[in-house]
>>> print(open('model23.txt').read())   # compact mmCIF, C-alpha atoms
# COMPACT_ATOMS: atom_id res chain seq x y z
CA MET A 1 0.00 0.00 0.00
CA GLU A 2 2.94 2.31 0.67
CA SER A 3 4.13 2.03 -2.90
CA LEU A 4 0.62 2.73 -4.16
CA GLU A 5 0.51 5.86 -2.03
CA ARG A 6 3.83 6.93 -3.50
CA VAL A 7 2.50 6.33 -6.99
CA LEU A 8 -0.53 8.49 -6.23
CA MET A 9 1.68 11.19 -4.70
CA GLU A 10 3.58 11.41 -7.97
CA GLN A 11 0.50 11.70 -10.20
CA PRO A 12 -0.04 15.27 -11.44
CA PHE A 13 -3.74 14.50 -11.72
CA PHE A 14 -4.09 14.41 -7.93
CA THR A 15 -2.07 17.58 -7.28
CA PRO A 16 -5.05 19.44 -5.72
CA LEU A 17 -5.28 16.81 -2.94
CA ASP A 18 -3.30 17.49 0.21
CA SER A 19 -1.23 14.67 1.64
CA ALA A 20 -3.88 13.56 4.15
CA HIS A 21 -6.49 13.36 1.43
CA ARG A 22 -4.13 11.47 -0.85
CA ALA A 23 -3.60 8.98 1.95
CA ALA A 24 -7.37 8.66 2.28
CA LEU A 25 -7.67 8.12 -1.47
CA THR A 26 -5.12 5.34 -1.31
CA ARG A 27 -7.41 3.32 0.92
CA TYR A 28 -9.84 3.02 -1.96
CA ALA A 29 -7.26 2.23 -4.64
CA GLU A 30 -5.74 -0.97 -5.93
CA PRO A 31 -3.56 -1.98 -8.89
CA ALA A 32 -5.31 -3.44 -11.92
CA GLN A 33 -4.21 -4.99 -15.19
CA PHE A 34 -6.11 -5.73 -18.39
CA PRO A 35 -5.14 -7.53 -21.61
CA PRO A 36 -5.84 -6.01 -25.04
CA GLY A 37 -9.51 -6.31 -25.91
CA ALA A 38 -10.68 -6.21 -22.27
CA TYR A 39 -13.39 -3.78 -21.23
CA LEU A 40 -12.73 -1.51 -18.26
CA LEU A 41 -16.18 0.08 -18.53
CA HIS A 42 -19.36 -0.94 -20.30
CA GLU A 43 -21.77 1.60 -21.76
CA ASN A 44 -24.82 2.03 -19.53
CA ALA A 45 -23.52 -0.31 -16.83
CA PRO A 46 -23.19 0.92 -13.23
CA GLU A 47 -19.87 2.74 -12.93
CA ASP A 48 -18.61 1.49 -9.61
CA ARG A 49 -14.94 1.94 -10.47
CA PHE A 50 -12.80 4.46 -12.25
CA TYR A 51 -9.16 4.16 -13.29
CA LEU A 52 -5.97 6.12 -13.57
CA LEU A 53 -4.00 4.76 -16.52
CA GLN A 54 -0.35 4.02 -15.87
CA GLN A 55 0.55 2.08 -19.01
CA GLY A 56 -1.15 1.29 -22.32
CA ARG A 57 -3.90 2.97 -24.27
CA LEU A 58 -7.61 2.37 -24.53
CA ALA A 59 -10.52 3.68 -26.55
CA LEU A 60 -13.82 5.16 -25.44
CA GLN A 61 -16.40 3.73 -27.80
CA VAL A 62 -20.07 4.01 -28.60
CA HIS A 63 -21.92 1.17 -30.24
CA VAL A 64 -23.71 2.38 -33.37
CA PRO A 65 -26.29 -0.06 -34.75
CA GLY A 66 -25.19 -1.22 -38.17
CA CYS A 67 -21.70 0.30 -37.77
CA GLY A 68 -20.38 -1.47 -34.69
CA ALA A 69 -18.08 0.27 -32.24
CA ARG A 70 -17.20 3.90 -33.08
CA ARG A 71 -14.18 5.31 -31.29
CA VAL A 72 -14.77 8.79 -29.91
CA GLN A 73 -11.61 9.26 -27.88
CA THR A 74 -8.42 7.45 -26.95
CA LEU A 75 -6.86 7.71 -23.51
CA GLN A 76 -3.29 7.09 -22.50
CA PRO A 77 -1.09 6.97 -19.39
CA GLY A 78 -1.76 9.73 -16.90
CA GLU A 79 -5.40 10.04 -17.93
CA ILE A 80 -8.56 9.14 -16.06
CA VAL A 81 -10.98 6.50 -17.33
CA GLY A 82 -14.49 6.99 -16.01
CA LEU A 83 -16.21 10.24 -15.07
CA SER A 84 -19.83 9.11 -14.85
CA TRP A 85 -19.39 7.81 -11.29
CA LEU A 86 -19.48 11.49 -10.24
CA ILE A 87 -23.09 12.15 -11.15
CA ARG A 88 -26.37 10.28 -11.11
CA PRO A 89 -27.32 7.75 -12.32
CA TYR A 90 -23.65 6.65 -12.01
CA ARG A 91 -23.73 4.67 -15.25
CA SER A 92 -20.96 4.64 -17.86
CA SER A 93 -21.58 6.69 -20.97
CA TYR A 94 -19.15 4.71 -23.12
CA ASP A 95 -17.41 1.40 -23.48
CA ALA A 96 -13.76 1.66 -22.46
CA GLN A 97 -11.84 -1.04 -24.29
CA ALA A 98 -8.11 -1.69 -24.04
CA PHE A 99 -6.25 -2.04 -27.31
CA GLU A 100 -2.88 -2.42 -25.61
CA PRO A 101 -1.96 -4.19 -22.34
CA ILE A 102 -3.18 -1.90 -19.59
CA ARG A 103 -1.72 -1.24 -16.18
CA ALA A 104 -3.84 1.08 -14.05
CA ILE A 105 -4.90 2.06 -10.58
CA ALA A 106 -8.54 1.18 -9.93
CA PHE A 107 -10.62 3.22 -7.48
CA ASP A 108 -13.73 2.18 -5.60
CA ALA A 109 -16.06 4.86 -6.91
CA ALA A 110 -19.06 4.12 -4.68
CA ARG A 111 -17.04 4.34 -1.47
CA LEU A 112 -15.26 7.48 -2.65
CA ARG A 113 -18.62 9.09 -3.37
CA ALA A 114 -19.67 8.28 0.17
CA LEU A 115 -16.43 9.78 1.49
CA CYS A 116 -17.02 12.94 -0.55
CA GLY A 117 -20.46 13.23 1.09
CA ALA A 118 -19.05 12.72 4.58
CA ASP A 119 -15.95 14.91 4.19
CA HIS A 120 -16.72 17.94 2.07
CA ASP A 121 -13.13 19.20 2.17
CA PHE A 122 -12.01 15.95 0.61
CA GLY A 123 -14.91 16.07 -1.85
CA TYR A 124 -14.07 19.64 -2.87
CA GLU A 125 -10.42 18.82 -3.48
CA LEU A 126 -11.33 15.70 -5.44
CA MET A 127 -13.68 17.74 -7.63
CA GLN A 128 -10.76 20.15 -8.20
CA CYS A 129 -8.92 17.17 -9.67
CA PHE A 130 -11.77 16.21 -11.97
CA MET A 131 -13.08 19.58 -13.15
CA PRO A 132 -10.14 20.40 -15.46
CA VAL A 133 -10.57 17.00 -17.14
CA LEU A 134 -14.29 17.57 -17.58
CA LEU A 135 -13.68 21.03 -19.06
CA GLN A 136 -10.91 19.82 -21.34
CA ARG A 137 -13.05 16.97 -22.68
CA LEU A 138 -16.02 19.29 -23.15
CA GLN A 139 -13.89 21.74 -25.14
CA ALA A 140 -12.41 18.93 -27.21
CA ALA A 141 -15.88 17.53 -27.96
CA ARG A 142 -17.09 20.96 -29.06
CA LEU A 143 -14.09 21.37 -31.33
CA GLN A 144 -14.83 17.95 -32.83
CA LEU A 145 -18.43 19.03 -33.36
CA LEU A 146 -17.26 21.97 -35.46
CA ASP A 147 -15.85 19.48 -37.96
CA VAL A 148 -13.13 22.00 -38.80
CA TYR A 149 -11.39 19.72 -41.26
CA GLY A 150 -14.46 19.48 -43.45
CA THR A 151 -14.39 22.49 -45.73
CA LEU A 152 -12.89 25.35 -43.76
CA LEU A 153 -9.32 24.92 -45.01
CA MET B 1 15.25 57.75 -68.50
CA ALA B 2 15.57 56.61 -64.91
CA LEU B 3 12.48 55.12 -63.33
CA SER B 4 11.15 56.64 -60.14
CA SER B 5 10.93 54.23 -57.22
CA GLU B 6 7.14 54.30 -57.66
CA ASP B 7 7.41 53.37 -61.36
CA SER B 8 9.93 50.68 -60.52
CA GLY B 9 7.65 49.22 -57.87
CA THR B 10 4.72 49.26 -60.26
CA ARG B 11 6.76 47.49 -62.93
CA LEU B 12 7.91 44.83 -60.48
CA ALA B 13 4.35 44.31 -59.35
CA SER B 14 3.22 44.07 -62.98
CA ALA B 15 5.84 41.43 -63.74
CA ALA B 16 4.67 39.46 -60.74
CA MET B 17 1.13 39.57 -62.12
CA VAL B 18 2.00 37.68 -65.33
CA PRO B 19 1.83 33.91 -64.92
CA ARG B 20 4.51 31.60 -66.21
CA ILE B 21 3.31 28.53 -68.05
CA GLY B 22 4.01 25.13 -66.55
CA ARG B 23 2.86 21.63 -67.44
CA ILE B 24 1.33 18.95 -65.28
CA LEU B 25 3.85 16.14 -64.96
CA ARG B 26 1.78 13.91 -62.74
CA ARG B 27 -1.14 14.02 -60.34
CA HIS B 28 -2.39 11.62 -57.72
CA ARG B 29 -5.17 11.44 -55.16
CA ASP B 30 -4.07 11.69 -51.53
CA ALA B 31 -7.44 11.60 -49.81
CA PRO B 32 -11.08 12.02 -50.80
CA GLY B 33 -11.18 15.30 -52.75
CA VAL B 34 -7.49 16.01 -52.20
CA TRP B 35 -5.06 15.85 -55.10
CA THR B 36 -1.35 16.46 -55.38
CA VAL B 37 -0.08 17.85 -58.69
CA GLU B 38 3.51 17.88 -59.89
CA ILE B 39 4.34 20.76 -62.20
CA GLY B 40 7.27 21.18 -64.56
CA GLU B 41 8.47 24.46 -66.00
CA THR B 42 10.77 24.76 -68.97
CA ASP B 43 11.02 28.51 -69.44
CA PRO B 44 12.79 29.81 -67.37
CA GLY B 45 12.80 26.55 -65.37
CA VAL B 46 11.41 25.83 -61.93
CA VAL B 47 11.57 28.91 -59.71
CA PRO B 48 12.63 27.80 -56.19
CA CYS B 49 9.93 28.02 -53.55
CA ALA B 50 10.76 27.98 -49.83
CA ALA B 51 8.89 25.94 -47.25
CA GLY B 52 5.82 27.95 -46.31
CA GLN B 53 5.68 30.07 -49.46
CA PHE B 54 2.85 29.78 -51.95
CA ASN B 55 2.26 30.09 -55.67
CA MET B 56 -0.79 31.48 -57.41
CA LEU B 57 -1.91 28.62 -59.66
CA THR B 58 -4.13 29.34 -62.65
CA ALA B 59 -6.61 27.02 -64.27
CA PHE B 60 -6.87 28.87 -67.55
CA GLY B 61 -10.30 30.24 -68.32
CA ILE B 62 -11.47 29.71 -64.77
CA GLY B 63 -9.24 31.56 -62.32
CA GLU B 64 -6.32 31.36 -59.94
CA VAL B 65 -5.89 30.39 -56.29
CA PRO B 66 -3.05 30.54 -53.77
CA ILE B 67 -1.62 27.11 -52.99
CA SER B 68 1.31 26.48 -50.66
CA LEU B 69 4.23 24.33 -51.68
CA SER B 70 3.81 20.77 -50.44
CA GLY B 71 6.89 19.22 -52.03
CA ASP B 72 10.57 19.25 -51.24
CA PRO B 73 11.86 22.85 -51.44
CA ARG B 74 15.25 21.53 -52.58
CA ASP B 75 13.76 19.82 -55.62
CA GLY B 76 14.78 21.96 -58.58
CA THR B 77 12.98 19.82 -61.16
CA ARG B 78 9.32 20.32 -60.27
CA LEU B 79 6.86 22.11 -58.07
CA ILE B 80 4.53 20.02 -55.96
CA HIS B 81 1.26 21.42 -54.69
CA THR B 82 -1.60 19.71 -52.87
CA VAL B 83 -5.11 20.94 -53.60
CA ARG B 84 -8.47 20.26 -52.01
CA ALA B 85 -11.09 20.33 -54.75
CA VAL B 86 -13.74 22.53 -53.15
CA GLY B 87 -14.28 25.49 -55.51
CA ALA B 88 -14.41 26.02 -59.25
CA VAL B 89 -10.69 26.73 -59.59
CA SER B 90 -9.40 24.07 -57.22
CA ARG B 91 -11.69 21.47 -58.81
CA ALA B 92 -10.34 22.41 -62.24
CA LEU B 93 -6.73 22.28 -60.99
CA ALA B 94 -7.29 18.86 -59.46
CA LYS B 95 -8.61 17.54 -62.77
CA LEU B 96 -5.78 18.78 -64.98
CA PRO B 97 -4.38 15.80 -66.90
CA GLN B 98 -0.73 15.07 -67.55
CA GLY B 99 0.71 17.57 -70.02
CA ALA B 100 -1.98 20.19 -69.45
CA PRO B 101 -0.81 23.81 -69.11
CA ILE B 102 -1.10 25.52 -65.76
CA GLY B 103 -0.33 29.13 -64.86
CA ILE B 104 2.09 29.90 -62.06
CA ARG B 105 2.81 33.20 -60.32
CA GLY B 106 5.17 33.27 -57.44
CA PRO B 107 6.55 32.16 -55.12
CA PHE B 108 5.08 34.66 -52.70
CA GLY B 109 5.06 35.31 -49.00
CA THR B 110 7.24 34.49 -46.07
CA GLY B 111 8.51 31.01 -45.39
CA TRP B 112 8.59 29.08 -42.13
CA PRO B 113 11.43 30.43 -39.91
CA MET B 114 13.78 27.54 -40.58
CA HIS B 115 16.89 29.48 -39.65
CA ALA B 116 15.46 30.45 -36.26
CA ALA B 117 14.61 26.80 -35.63
CA ARG B 118 18.24 25.70 -35.80
CA GLY B 119 19.41 24.37 -32.47
CA HIS B 120 15.84 24.07 -31.23
CA ASP B 121 13.25 21.35 -30.88
CA VAL B 122 10.63 21.78 -33.57
CA LEU B 123 6.98 20.93 -33.06
CA LEU B 124 4.88 20.78 -36.21
CA LEU B 125 1.16 20.88 -35.55
CA ALA B 126 -1.06 20.23 -38.53
CA GLY B 127 -4.78 19.98 -39.01
CA GLY B 128 -6.44 18.50 -42.10
CA LEU B 129 -4.97 19.83 -45.32
CA GLY B 130 -2.64 21.93 -43.15
CA LEU B 131 -0.18 19.05 -43.30
CA ALA B 132 0.60 19.93 -46.94
CA PRO B 133 2.30 23.30 -46.23
CA LEU B 134 4.26 21.65 -43.41
CA ARG B 135 5.57 18.74 -45.49
CA PRO B 136 8.32 20.92 -47.05
CA VAL B 137 9.45 21.71 -43.51
CA ILE B 138 9.79 18.00 -42.77
CA TYR B 139 11.84 17.46 -45.94
CA GLN B 140 14.15 20.29 -44.93
CA LEU B 141 14.44 19.29 -41.26
CA LEU B 142 15.32 15.73 -42.22
CA ALA B 143 17.82 16.86 -44.85
CA GLU B 144 19.56 18.98 -42.20
CA ARG B 145 18.78 16.68 -39.27
CA PRO B 146 21.86 17.43 -37.08
CA ARG B 147 20.99 21.13 -37.01
CA TYR B 148 17.81 20.57 -35.02
CA GLY B 149 16.86 19.00 -31.73
CA ARG B 150 13.81 16.84 -31.30
CA ILE B 151 11.37 16.94 -34.23
CA MET B 152 7.70 16.25 -33.52
CA LEU B 153 4.67 16.14 -35.79
CA LEU B 154 1.19 16.19 -34.31
CA TYR B 155 -1.39 15.73 -37.02
CA GLY B 156 -5.14 15.78 -36.66
CA THR B 157 -7.69 15.07 -39.31
CA ARG B 158 -11.28 13.97 -39.64
CA SER B 159 -10.99 10.20 -40.15
CA PRO B 160 -8.39 7.53 -40.96
CA ALA B 161 -9.38 7.67 -44.65
CA GLU B 162 -8.47 11.36 -44.74
CA VAL B 163 -4.92 11.07 -43.39
CA LEU B 164 -2.66 12.70 -45.97
CA PHE B 165 0.64 11.19 -47.11
CA MET B 166 0.05 8.11 -44.93
CA HIS B 167 2.74 5.93 -46.50
CA GLN B 168 5.29 8.71 -46.20
CA LEU B 169 4.35 9.36 -42.56
CA GLU B 170 4.72 5.66 -41.77
CA ALA B 171 8.12 5.55 -43.46
CA TRP B 172 9.31 8.63 -41.61
CA ARG B 173 8.07 7.22 -38.32
CA ARG B 174 9.78 3.87 -38.89
CA HIS B 175 13.15 4.99 -40.12
CA LEU B 176 13.89 8.50 -38.97
CA GLU B 177 14.24 10.47 -35.82
CA LEU B 178 10.80 11.97 -35.96
CA ASP B 179 8.04 11.67 -33.34
CA ILE B 180 4.77 11.44 -35.22
CA GLU B 181 1.39 11.27 -33.55
CA ILE B 182 -1.74 11.14 -35.66
CA THR B 183 -5.21 11.65 -34.27
CA VAL B 184 -8.59 11.59 -35.96
CA ASP B 185 -11.95 12.98 -34.90
CA HIS B 186 -13.84 9.75 -35.54
CA ALA B 187 -12.78 6.18 -36.20
CA GLY B 188 -13.98 2.61 -36.25
CA ALA B 189 -12.58 -0.14 -34.06
CA GLY B 190 -9.93 -0.97 -36.67
CA TRP B 191 -8.04 2.28 -36.05
CA HIS B 192 -5.39 1.91 -33.36
CA GLY B 193 -4.13 5.48 -33.45
CA HIS B 194 -5.40 8.36 -31.35
CA VAL B 195 -8.98 9.58 -31.47
CA GLY B 196 -9.62 13.15 -30.33
CA VAL B 197 -8.67 16.68 -31.26
CA VAL B 198 -5.05 17.37 -32.07
CA THR B 199 -4.65 19.91 -29.28
CA THR B 200 -5.03 17.14 -26.68
CA LEU B 201 -1.76 15.63 -27.89
CA ILE B 202 0.29 18.70 -26.97
CA GLY B 203 0.29 18.03 -23.24
CA ARG B 204 1.44 14.47 -23.81
CA MET B 205 4.64 15.37 -25.66
CA GLY B 206 6.80 16.46 -22.73
CA LEU B 207 7.84 19.67 -24.47
CA ASP B 208 10.84 21.73 -23.45
CA PRO B 209 9.04 25.08 -23.89
CA VAL B 210 12.14 27.24 -23.70
CA HIS B 211 13.86 25.42 -26.54
CA THR B 212 10.89 24.60 -28.78
CA LEU B 213 9.55 26.40 -31.83
CA ALA B 214 6.04 25.46 -32.96
CA PHE B 215 4.86 25.68 -36.57
CA VAL B 216 1.08 25.42 -36.83
CA CYS B 217 -1.05 25.05 -39.95
CA GLY B 218 -4.70 24.18 -40.23
CA PRO B 219 -8.15 25.70 -40.05
CA GLU B 220 -7.99 29.03 -38.26
CA VAL B 221 -10.23 27.96 -35.39
CA MET B 222 -8.02 24.93 -34.80
CA MET B 223 -4.92 27.15 -34.81
CA ARG B 224 -6.47 29.44 -32.17
CA PHE B 225 -7.06 26.49 -29.87
CA ALA B 226 -3.63 25.08 -30.70
CA ALA B 227 -1.91 28.37 -29.87
CA ALA B 228 -3.75 28.51 -26.54
CA ALA B 229 -2.73 24.92 -25.74
CA LEU B 230 0.89 25.63 -26.69
CA GLU B 231 0.93 28.66 -24.41
CA ALA B 232 -0.56 26.52 -21.64
CA ALA B 233 2.35 24.14 -22.22
CA GLY B 234 4.73 27.04 -21.59
CA LEU B 235 5.71 28.21 -25.08
CA PRO B 236 5.98 32.00 -25.44
CA ASP B 237 3.82 33.49 -28.19
CA THR B 238 6.99 34.53 -30.05
CA SER B 239 7.86 30.82 -30.47
CA ILE B 240 4.53 29.93 -32.08
CA HIS B 241 4.22 30.52 -35.83
CA LEU B 242 0.96 30.19 -37.73
CA SER B 243 0.24 29.88 -41.44
CA LEU B 244 -2.77 31.98 -42.28
CA GLU B 245 -5.19 31.79 -45.18
CA ARG B 246 -7.08 34.83 -46.35
CA ASN B 247 -8.68 35.95 -49.57
CA MET B 248 -5.45 36.40 -51.53
CA LYS B 249 -5.89 37.89 -54.97
CA CYS B 250 -2.90 39.93 -56.19
CA ALA B 251 -0.38 38.15 -53.93
CA VAL B 252 1.92 41.19 -53.98
CA GLY B 253 0.39 43.37 -51.27
CA VAL B 254 -1.43 45.75 -53.60
CA CYS B 255 -5.12 44.88 -53.73
CA GLY B 256 -5.73 44.60 -49.98
CA HIS B 257 -8.13 41.64 -50.15
CA CYS B 258 -6.06 39.63 -47.70
CA GLN B 259 -5.47 42.42 -45.22
CA LEU B 260 -5.59 41.40 -41.57
CA GLY B 261 -5.07 44.40 -39.34
CA ALA B 262 -1.86 46.06 -40.45
CA ALA B 263 -0.60 42.97 -42.28
CA PHE B 264 -1.15 41.85 -45.85
CA ILE B 265 -1.17 38.08 -45.50
CA CYS B 266 0.10 37.55 -49.05
CA ARG B 267 3.13 39.76 -48.53
CA ASP B 268 3.80 39.84 -44.76
CA GLY B 269 2.58 36.25 -44.29
CA PRO B 270 1.29 33.67 -44.73
CA ILE B 271 3.62 32.63 -41.90
CA LEU B 272 3.47 35.02 -38.96
CA PRO B 273 4.32 34.74 -35.26
CA TYR B 274 1.36 34.37 -32.95
CA ALA B 275 2.70 37.31 -30.94
CA ARG B 276 1.89 39.53 -33.93
CA LEU B 277 -1.33 37.80 -34.95
CA ARG B 278 -2.99 37.49 -31.58
CA PRO B 279 -4.59 40.99 -31.47
CA ALA B 280 -5.97 40.71 -35.01
CA LEU B 281 -7.29 37.18 -34.55
CA ALA B 282 -9.34 38.38 -31.61
CA ILE B 283 -11.24 40.87 -33.80
CA ARG B 284 -14.15 39.08 -35.41
CA GLU B 285 -14.76 41.75 -38.03
CA LEU B 286 -11.32 41.25 -39.60
>>> encode(input="model23.txt", output="structure tokens")
Amino acid sequence: MESLERVLMEQPFFTPLDSAHRAALTRYAEPAQFPPGAYLLHENAPEDRFYLLQQGRLALQVHVPGCGARRVQTLQPGEIVGLSWLIRPYRSSYDAQAFEPIRAIAFDAARLRALCGADHDFGYELMQCFMPVLLQRLQAARLQLLDVYGTLL
Amino acid sequence: MALSSEDSGTRLASAAMVPRIGRILRRHRDAPGVWTVEIGETDPGVVPCAAGQFNMLTAFGIGEVPISLSGDPRDGTRLIHTVRAVGAVSRALAKLPQGAPIGIRGPFGTGWPMHAARGHDVLLLAGGLGLAPLRPVIYQLLAERPRYGRIMLLYGTRSPAEVLFMHQLEAWRRHLELDIEITVDHAGAGWHGHVGVVTTLIGRMGLDPVHTLAFVCGPEVMMRFAAAALEAAGLPDTSIHLSLERNMKCAVGVCGHCQLGAAFICRDGPILPYARLRPALAIREL
């Protein structure tokens, strides 16, 4: 567990957490590994875990009838997999499928939600970790929506 | 009788307005609606064009358009330009068969600041057809490889089918000291590259902001977001260079169609530092 705490201490993603809150976070974390092709999240399934990628890449996918899986974003080491655990109904919006061997830290999302409710200081700092990611992905999605490579150049 | 400086300038501008006649040597399709044409000139021979400069290409009887060089600037035997067939002129240019005449004026404009890049890491950031004006930079960087530090290409486009120069990119990635990351906006499960906007790749590159020059070419809205992301990564705005497109007509800074603030993009650009462009890009009416 000590090494896991050290790993979390070194992750820029968790910079907003003070050391006590990082230690608390560690209690709900464990190492995880997945082979290529494995699913870390399933679209519309309860999102009871989220992950911090340490090694390998995966794709966020949406199943389109008649077209199969459509990739909407790829994630790589240092990035978070799973944001839907933050808000009701706590169900994944996408499939998250590994296309390389994955090494990650898995977090118990349900228990962390409960901790956020019980300790608002912890909850506020954890939201400070997640808000930049949410904003960045929102901006990226809007830029994709513009379809700038269509006819504008 | 000696010419006044005004007469001399007018005469120079007039000479620059007369197209030379070239011939299509070859053309090939690079992506849906995107064609690369190779042009030969016999009289007076191919006029050298620097990376980042453009020529005004004429489809006779239809019109002319500004197209940046997309070939090797050291190639003295032909000009290579890549065209997206979207308007009357570009569609006509893309259809010109081998041996057909084509009008050429130029080269015009500023090139990429290759000399300033010496001794630095170079980050090339391309969106869509914006890879074409950056390809001459890659040729030159690789030809003078020891002069530069790390070379990175981040390229974003709409889908895997629309990746330009794919075979060349793969060859460069395999054999040369060039970090290439390609991302697309949408892809099926068969695509194992990145999916997402190109700006999201910037933070993953581990840039040394003090020693990096960034050359950016793509749709203007993409370049605005790219410049913001590069600044967030620590690059000063003087180290970020953009290639702008505007409504270029005369190409010699006379007609004013391409004016952006105090700059004529045809003459003062198309490559300009973000430090100079930033105020003008923020004005929607320009």
>>> closest_atom_pairs(input="model23.txt", of="chain A", to="chain B", cutoff="7 Å", atoms="all atoms listed in the file", output="JSON lines")
{"residue": "A:Ala69", "atom": "CA", "partner": "B:Ala189", "partner_atom": "CA", "distance": 5.8}
{"residue": "A:Arg70", "atom": "CA", "partner": "B:Gly188", "partner_atom": "CA", "distance": 4.7}
{"residue": "A:Arg71", "atom": "CA", "partner": "B:Ala187", "partner_atom": "CA", "distance": 5.2}
{"residue": "A:Val72", "atom": "CA", "partner": "B:His186", "partner_atom": "CA", "distance": 5.8}
{"residue": "A:Gln73", "atom": "CA", "partner": "B:Val195", "partner_atom": "CA", "distance": 4.5}
{"residue": "A:Thr74", "atom": "CA", "partner": "B:Val195", "partner_atom": "CA", "distance": 5.0}
{"residue": "A:Ala140", "atom": "CA", "partner": "B:Val197", "partner_atom": "CA", "distance": 6.0}
{"residue": "A:Gln144", "atom": "CA", "partner": "B:Asp185", "partner_atom": "CA", "distance": 6.1}
{"residue": "A:Val148", "atom": "CA", "partner": "B:Pro219", "partner_atom": "CA", "distance": 6.3}
{"residue": "A:Tyr149", "atom": "CA", "partner": "B:Gly128", "partner_atom": "CA", "distance": 5.2}
{"residue": "A:Leu152", "atom": "CA", "partner": "B:Pro219", "partner_atom": "CA", "distance": 6.0}
{"residue": "A:Leu153", "atom": "CA", "partner": "B:Pro219", "partner_atom": "CA", "distance": 5.2}
>>> residues_around(input="model23.txt", residues="range 118-135 of chain A", least_positions_apart="2", cutoff="7 Å", atoms="only C-alpha atoms", output="PDB file with C-alpha atoms, in the frame of the given file")
ATOM      1  CA  PHE A  13      -3.740  14.500 -11.720  1.00  0.00           C
ATOM      2  CA  PHE A  14      -4.090  14.410  -7.930  1.00  0.00           C
ATOM      3  CA  PRO A  16      -5.050  19.440  -5.720  1.00  0.00           C
ATOM      4  CA  LEU A  17      -5.280  16.810  -2.940  1.00  0.00           C
ATOM      5  CA  HIS A  21      -6.490  13.360   1.430  1.00  0.00           C
ATOM      6  CA  ALA A 114     -19.670   8.280   0.170  1.00  0.00           C
ATOM      7  CA  LEU A 115     -16.430   9.780   1.490  1.00  0.00           C
ATOM      8  CA  CYS A 116     -17.020  12.940  -0.550  1.00  0.00           C
ATOM      9  CA  ARG A 137     -13.050  16.970 -22.680  1.00  0.00           C
ATOM     10  CA  LEU A 138     -16.020  19.290 -23.150  1.00  0.00           C
ATOM     11  CA  GLN A 139     -13.890  21.740 -25.140  1.00  0.00           C
TER      12      GLN A 139
END
>>> atom_distance(input="model23.txt", atom1="CA of Thr77 in chain B", atom2="CA of Ile180 in chain B")
28.5 Å
>>> atom_distance(input="model23.txt", atom1="CA of Arg173 in chain B", atom2="CA of Ala132 in chain B")
17.1 Å
>>> residues_around(input="model23.txt", residues="Ile240 in chain B", least_positions_apart="6", cutoff="12 Å", atoms="only C-alpha atoms", output="PyMOL selection string")
chain B and resi 112-113+116-117+122-125+209-217+223-224+226-231+233-234+271-278
>>> atom_distance(input="model23.txt", atom1="CA of Gln76 in chain A", atom2="CA of Gly56 in chain A")
6.2 Å
>>> closest_residue(input="model23.txt", among="B:Val252, B:Leu281, B:Leu176, B:Ile67", to="Arg267 in chain B", atoms="all atoms listed in the file")
B:Val252
>>> residues_around(input="model23.txt", residues="Ala38 in chain A", least_positions_apart="4", cutoff="10 Å", atoms="only C-alpha atoms", output="PyMOL selection string")
chain A and resi 33-34+58+96-102
>>> write_last_selection(input="model23.txt", atoms="C-alpha atoms", output="PDB file, in the coordinates of the input")
ATOM      1  CA  GLN A  33      -4.210  -4.990 -15.190  1.00  0.00           C
ATOM      2  CA  PHE A  34      -6.110  -5.730 -18.390  1.00  0.00           C
ATOM      3  CA  LEU A  58      -7.610   2.370 -24.530  1.00  0.00           C
ATOM      4  CA  ALA A  96     -13.760   1.660 -22.460  1.00  0.00           C
ATOM      5  CA  GLN A  97     -11.840  -1.040 -24.290  1.00  0.00           C
ATOM      6  CA  ALA A  98      -8.110  -1.690 -24.040  1.00  0.00           C
ATOM      7  CA  PHE A  99      -6.250  -2.040 -27.310  1.00  0.00           C
ATOM      8  CA  GLU A 100      -2.880  -2.420 -25.610  1.00  0.00           C
ATOM      9  CA  PRO A 101      -1.960  -4.190 -22.340  1.00  0.00           C
ATOM     10  CA  ILE A 102      -3.180  -1.900 -19.590  1.00  0.00           C
TER      11      ILE A 102
END
>>> residues_around(input="model23.txt", residues="Met9 in chain A", least_positions_apart="2", cutoff="12 Å", atoms="all atoms listed in the file", output="PyMOL selection string")
chain A and resi 2-7+11-26
>>> axis_aligned_box(input="model23.txt", around="range 149-160 of chain B", padding_each_side="6 Å", output="JSON")
{"center_x": 2.8, "center_y": 13.3, "center_z": -36.1, "size_x": 40.1, "size_y": 23.5, "size_z": 21.7}
>>> residues_around(input="model23.txt", residues="range 44-55 of chain A", least_positions_apart="4", cutoff="10 Å", atoms="all atoms listed in the file", output="PyMOL selection string")
chain A and resi 7-8+11+13+28-33+40+75-86+89-95+100-113
>>> closest_residue(input="model23.txt", among="B:Val46, B:Val37, B:Ile80, B:Leu134", to="Ala94 in chain B", atoms="all atoms listed in the file")
B:Val37
>>> residues_near_point(input="model23.txt", point="(-7.1, 28.3, -63.7)", cutoff="9 Å", atoms="only C-alpha atoms", output="list of chain:residue names")
B:Leu57, B:Thr58, B:Ala59, B:Phe60, B:Gly61, B:Ile62, B:Gly63, B:Glu64, B:Val65, B:Ala88, B:Val89, B:Ser90, B:Ala92, B:Leu93, B:Ile102, B:Gly103
